[in-house]
Amino acid sequence: MVRVRLNLPSSEGRVARWLVAFMTLGFVALAAAAIAIGWITVRNRTYTAEILHTQDVRQAVATLHSQMEQSETARRGYLLTGMPLFSAAYARSAGNLAPSIATLRRLTADNPAQIARLDLIEPRFVQLRALRAQSMALVASGRIAEAQRRFAVDASVPLMRGIRYRLQAMAADEVRLLAIRSGRQQQTSALFLSVAGLAAILLLIVAILAILVIRRYTADLATSRDSLRDLNETLEEQVTERTADLSRANEEIQRFAYIVSHDLRSPLVNVMGFTAELATAAGPLAELVDRAEAEAPHILTEDARLAAREDLPEAIGFIRTSTQKMDRLINAILKLSREGRRTIAPEPVDPAQLVDMIIGSIQHVIDDRGAVVRVERPIPAVVTDRLALEQILSNLIENATKYLKPGRPGEIVVTGHKERNRVILSVIDNGRGIDPRDHQRVFDLFRRSGAQDQPGEGIGLAHVRALAYRLGGTIDVQSTLGDGATFRLNLPTELSIQDIKA
């Protein structure tokens with residue numbers, strides 16, 4: 001890395017540091033103001049919605065009250081005149097009462113006091129509707145005098161009075177809520193203006209400080225431009241040397257991993273061999289203990305019996321399990337080391353066709369696990385290493401079929417789309433998911449997430465990430481526990497030899 005150092009006088013350096021500190025404080029204050037404005041905007045939107053909701057409730061109360069009065073007026077007109085015009089008007093207004101009550105109940109579902117009032121209003125409406133229907137039927141049959149006589153003594157007036165009283169109480173309660181919510185909105189608006197004004201002042205201060213910094217360092221930048229021009233002439237050579245150094249270091253790390261893994265295998269083979277001999281020798285020893293117990297039990301101690309029958313076989317089992325695990329880990333290191341030495345050969349690849357081939361090769365595994373894998377076409381073609389891409393997709397698809405959510409049929413979908421000069425391949429499943437805290441850890445070597453109820457040593461996703469890097473791409477995961485996971489492979493559309501060397 002090329003570094004240019006500006007030799008500023010000590011006093012000028014102190015001034016520059018103060019200015020940078022002031023600008024940092026200004027930007028922090030502006031960020032805080034932006035967050036505060038965002039929060040205030042959200043709160044103001046909430047208060048506005050509450051006010052609109054209150055207005056809707058008031059309108060619904062007024063509508064219900066008006067319909068009740070209109071239906072009563074139409075009924076009385078029909079009682080007095082017997083004209084069909086009033087009967088039709090009553091039918092229209094009375095037919096709207098039930099929907100209006102339902103609307104009001106829905107709008108006030110969040111207000112227990114209003115619901116309690118509605119619970120008292122609704123049965124009165126039922127009684128009033130029955131009385132009205134009776135009087136309307138009498139008039140319709142020509143018995144107007146009887147209808148008028150019954151109207152004079154029935155409970156319509158008390159029922160109407162009770163309904164009006166409670167509707168007025170509901171309207172008054174909404175007026176009270178409207179005043180409270182309007183006050184909150186006004187306070188929020190005032191706070192918004194205050195914060196916006198403070199943010200404007202801070203922005204002005206930051207702008208002034210930025211101008212001072214720019215003016216002070218313009219001369220220094222002009223001086224450093226000449227130095228950078230000289231350095232840029234040798235930059236390509238330095239980059240080439242640094243790239244060569246990194247390549248040599250990478251090769252050295254791979255050789256080291258291979259040598260260490262190879263050297264570890266030699267003592268491991270000895271341990272495994274001697275463990276096998278111990279296991280073989282344990283058989284005759286156990287037989288000898290059985291014979292001694294049968295023929296001369298007095299010479300056999302309890303410790304010897306436990307050592308031959310329990311301790312020794314158990315210890316051999318633990319040793320064998322540990323050596324087998326270590327053998328798998330060494331094989332994993334060797335596999336990663338060999339993959340790092342393999343030459344990448346870019347060629348045109350159809351990912352959809354490649355996935356079809358992968359599905360066909362592991363179809364029996366997919367069927368045994370009760371899963372379905374499908375490809376959503378079209379998927380853009382890429383120029384990349386076919387074998388590496390096949391290994392990546394095979395690992396992701398097999399993992400998706402392995403970590404299914406119990407009780408849910410597995411569904412795995414492979415999709416792909418193009419973004420500028422990149423192709424995004426996604427493997428989406430509906431399995432058990434991955435805790436967000438483990439999204440990065442699952443790509444580390446020998447690290448696993450969730451319940452360890454499936455075989456594996458934690459090398460698959462580490463291998464996938466290493467291959468993705470070699471193809472000039474990246475791999476990430478989006479998931480929550482219980483909701484499946486989406487692995488996204490981001491690759492260049494065309495992998496060139498220059499990209500591989502870089």
# chains A, B, ... in the order shown; residues from 1 in each chain; ligands from 1
call {"tool": "residues_around", "arguments": {"residues": "range 352-358 of chain A", "least_positions_apart": "2", "cutoff": "8 Å", "atoms": "only C-alpha atoms", "output": "PDB file with C-alpha atoms, in the first residue's frame"}}
result
ATOM      1  CA  VAL A 349     -22.097 -23.377 -17.846  1.00  0.00           C
ATOM      2  CA  ASP A 350     -25.883 -23.646 -17.748  1.00  0.00           C
ATOM      3  CA  GLY A 360     -30.638 -36.896 -10.859  1.00  0.00           C
ATOM      4  CA  SER A 361     -27.467 -38.132  -9.159  1.00  0.00           C
ATOM      5  CA  ILE A 362     -28.906 -37.841  -5.616  1.00  0.00           C
ATOM      6  CA  VAL A 375     -35.564 -25.510 -10.593  1.00  0.00           C
ATOM      7  CA  ARG A 377     -36.241 -21.364 -15.026  1.00  0.00           C
ATOM      8  CA  PRO A 378     -34.840 -19.388 -16.683  1.00  0.00           C
ATOM      9  CA  ILE A 379     -31.471 -19.138 -14.950  1.00  0.00           C
ATOM     10  CA  GLU A 390     -21.163 -28.341  -9.249  1.00  0.00           C
ATOM     11  CA  LEU A 393     -24.575 -26.469  -5.624  1.00  0.00           C
ATOM     12  CA  SER A 394     -24.356 -30.151  -4.669  1.00  0.00           C
ATOM     13  CA  VAL A 414     -33.110 -23.310  -7.004  1.00  0.00           C
TER      14      VAL A 414
END
call {"tool": "closest_residue", "arguments": {"among": "A:Glu398, A:Asp483, A:Glu494, A:Glu293", "to": "Arg422 in chain A", "atoms": "only C-alpha atoms"}}
result
A:Glu494
call {"tool": "residues_around", "arguments": {"residues": "range 399-412 of chain A", "least_positions_apart": "4", "cutoff": "7 Å", "atoms": "only C-alpha atoms", "output": "CSV table (one decimal) with C-alpha atoms, in the first residue's frame"}}
result
chain,number,residue,atom,x,y,z
A,366,ILE,CA,-33.9,-36.8,-1.9
A,369,ARG,CA,-35.6,-37.9,3.1
A,370,GLY,CA,-39.1,-37.0,1.8
A,371,ALA,CA,-38.1,-33.8,0.0
A,372,VAL,CA,-38.8,-32.3,-3.4
A,373,VAL,CA,-36.2,-30.3,-5.4
A,374,ARG,CA,-37.2,-28.1,-8.4
A,395,ASN,CA,-23.3,-29.2,-1.1
A,427,VAL,CA,-31.0,-22.3,-3.0
A,428,ILE,CA,-34.2,-21.8,-0.9
A,429,ASP,CA,-35.6,-24.4,1.5
A,430,ASN,CA,-38.3,-24.6,4.1
A,431,GLY,CA,-36.3,-26.5,6.6
A,432,ARG,CA,-35.4,-25.9,10.2
call {"tool": "closest_residue", "arguments": {"among": "A:Thr103, A:Thr63, A:Gln440, A:Ser496", "to": "Gln478 in chain A", "atoms": "only C-alpha atoms"}}
result
A:Gln440
call {"tool": "residues_around", "arguments": {"residues": "Val42 in chain A", "least_positions_apart": "5", "cutoff": "12 Å", "atoms": "only C-alpha atoms", "output": "NGL selection string"}}
result
:A and (35-37 or 47-49 or 185 or 188-189 or 192)
call {"tool": "write_last_selection", "arguments": {"atoms": "C-alpha atoms", "output": "short mmCIF file (atom, residue, chain, number, x, y, z; two decimals), in the first residue's frame"}}
result
data_model
loop_
_atom_site.label_atom_id
_atom_site.label_comp_id
_atom_site.auth_asym_id
_atom_site.auth_seq_id
_atom_site.Cartn_x
_atom_site.Cartn_y
_atom_site.Cartn_z
CA ILE A 35 -33.14 9.66 13.60
CA ALA A 36 -35.25 11.97 15.79
CA ILE A 37 -37.07 13.38 12.75
CA TYR A 47 -51.41 10.14 15.72
CA THR A 48 -52.87 11.14 12.35
CA ALA A 49 -54.19 7.61 11.86
CA GLN A 185 -50.26 15.59 17.08
CA THR A 188 -45.33 16.21 17.73
CA SER A 189 -45.55 18.80 14.94
CA PHE A 192 -40.67 18.19 14.48
#
call {"tool": "atom_distance", "arguments": {"atom1": "CA of Ile163 in chain A", "atom2": "CA of Gly77 in chain A"}}
result
20.8 Å
call {"tool": "atom_distance", "arguments": {"atom1": "CA of Leu471 in chain A", "atom2": "CA of Val423 in chain A"}}
result
12.0 Å
call {"tool": "select_by_dssp", "arguments": {"residues": "range 340-440 of chain A", "states": "alpha helix (DSSP H)", "output": "VMD selection string"}}
result
chain A and resid 340 to 341 351 to 361 363 to 368 386 to 402
call {"tool": "write_last_selection", "arguments": {"atoms": "C-alpha atoms", "output": "tab-separated table (two decimals), in the first residue's frame"}}
result
chain	number	residue	atom	x	y	z
A	340	GLY	CA	-6.78	-24.77	-3.39
A	341	ARG	CA	-4.12	-26.25	-5.69
A	351	PRO	CA	-26.70	-23.67	-13.98
A	352	ALA	CA	-30.23	-25.04	-14.55
A	353	GLN	CA	-28.89	-28.01	-16.51
A	354	LEU	CA	-26.17	-28.53	-13.90
A	355	VAL	CA	-28.77	-28.59	-11.09
A	356	ASP	CA	-30.86	-31.11	-13.06
A	357	MET	CA	-27.81	-33.36	-13.25
A	358	ILE	CA	-27.16	-32.97	-9.50
A	359	ILE	CA	-30.79	-33.80	-8.68
A	360	GLY	CA	-30.64	-36.90	-10.86
A	361	SER	CA	-27.47	-38.13	-9.16
A	363	GLN	CA	-32.58	-38.51	-6.38
A	364	HIS	CA	-32.62	-41.60	-4.16
A	365	VAL	CA	-31.34	-39.54	-1.21
A	366	ILE	CA	-33.94	-36.83	-1.87
A	367	ASP	CA	-36.74	-39.42	-2.00
A	368	ASP	CA	-35.56	-41.17	1.17
A	386	ARG	CA	-17.97	-26.29	-13.96
A	387	LEU	CA	-16.57	-28.68	-11.32
A	388	ALA	CA	-16.33	-26.00	-8.63
A	389	LEU	CA	-19.89	-24.76	-9.30
A	390	GLU	CA	-21.16	-28.34	-9.25
A	391	GLN	CA	-19.50	-28.95	-5.87
A	392	ILE	CA	-21.02	-25.75	-4.45
A	393	LEU	CA	-24.58	-26.47	-5.62
A	394	SER	CA	-24.36	-30.15	-4.67
A	395	ASN	CA	-23.32	-29.24	-1.14
A	396	LEU	CA	-26.08	-26.63	-0.76
A	397	ILE	CA	-28.81	-28.93	-2.12
A	398	GLU	CA	-27.70	-31.90	0.01
A	399	ASN	CA	-27.60	-29.69	3.11
A	400	ALA	CA	-31.12	-28.47	2.34
A	401	THR	CA	-32.40	-32.06	2.13
A	402	LYS	CA	-30.51	-33.02	5.27
call {"tool": "atom_distance", "arguments": {"atom1": "CA of Leu491 in chain A", "atom2": "CA of Gly473 in chain A"}}
result
4.4 Å
call {"tool": "closest_residue", "arguments": {"among": "A:Ala116, A:Gly416, A:Ala200, A:Leu461", "to": "Met170 in chain A", "atoms": "only C-alpha atoms"}}
result
A:Ala116
call {"tool": "residues_around", "arguments": {"residues": "Ala34 in chain A", "least_positions_apart": "3", "cutoff": "9 Å", "atoms": "only C-alpha atoms", "output": "MDAnalysis selection string"}}
result
chainID A and resid 29:31 37:39 195:196 199
call {"tool": "residues_around", "arguments": {"residues": "range 143-154 of chain A", "least_positions_apart": "6", "cutoff": "9 Å", "atoms": "only C-alpha atoms", "output": "ChimeraX atom specification"}}
result
/A:76,79-82,131-132,134-137
call {"tool": "write_last_selection", "arguments": {"atoms": "N, CA and C atoms", "output": "compact mmCIF listing (two decimals), in the first residue's frame"}}
result
# COMPACT_ATOMS: atom_id res chain seq x y z
N ARG A 76 -93.56 6.82 12.06
CA ARG A 76 -94.64 7.67 12.57
C ARG A 76 -95.46 8.27 11.43
N LEU A 79 -97.73 5.63 10.38
CA LEU A 79 -98.81 5.45 11.34
C LEU A 79 -99.89 6.53 11.18
N LEU A 80 -99.46 7.73 10.85
CA LEU A 80 -100.41 8.83 10.75
C LEU A 80 -101.16 8.84 9.42
N THR A 81 -100.47 8.49 8.34
CA THR A 81 -101.06 8.64 7.01
C THR A 81 -101.36 7.32 6.32
N GLY A 82 -100.58 6.28 6.64
CA GLY A 82 -100.75 5.01 5.95
C GLY A 82 -100.24 5.05 4.52
N LEU A 131 -91.01 -3.81 17.98
CA LEU A 131 -92.17 -2.94 18.14
C LEU A 131 -92.52 -2.23 16.84
N ARG A 132 -91.48 -1.76 16.14
CA ARG A 132 -91.72 -1.07 14.88
C ARG A 132 -92.34 -2.01 13.85
N GLN A 134 -94.15 -4.57 14.39
CA GLN A 134 -95.55 -4.86 14.76
C GLN A 134 -96.48 -3.74 14.32
N SER A 135 -96.08 -2.49 14.60
CA SER A 135 -96.94 -1.36 14.22
C SER A 135 -97.01 -1.21 12.71
N MET A 136 -95.91 -1.45 12.00
CA MET A 136 -95.92 -1.35 10.54
C MET A 136 -96.84 -2.40 9.95
N ALA A 137 -96.83 -3.60 10.54
CA ALA A 137 -97.69 -4.68 10.04
C ALA A 137 -99.16 -4.34 10.25
call {"tool": "residues_around", "arguments": {"residues": "range 155-161 of chain A", "least_positions_apart": "4", "cutoff": "12 Å", "atoms": "only C-alpha atoms", "output": "count of residues only"}}
result
30
call {"tool": "closest_residue", "arguments": {"among": "A:Arg117, A:Arg176, A:Arg420, A:Arg441", "to": "Gly162 in chain A", "atoms": "only C-alpha atoms"}}
result
A:Arg117
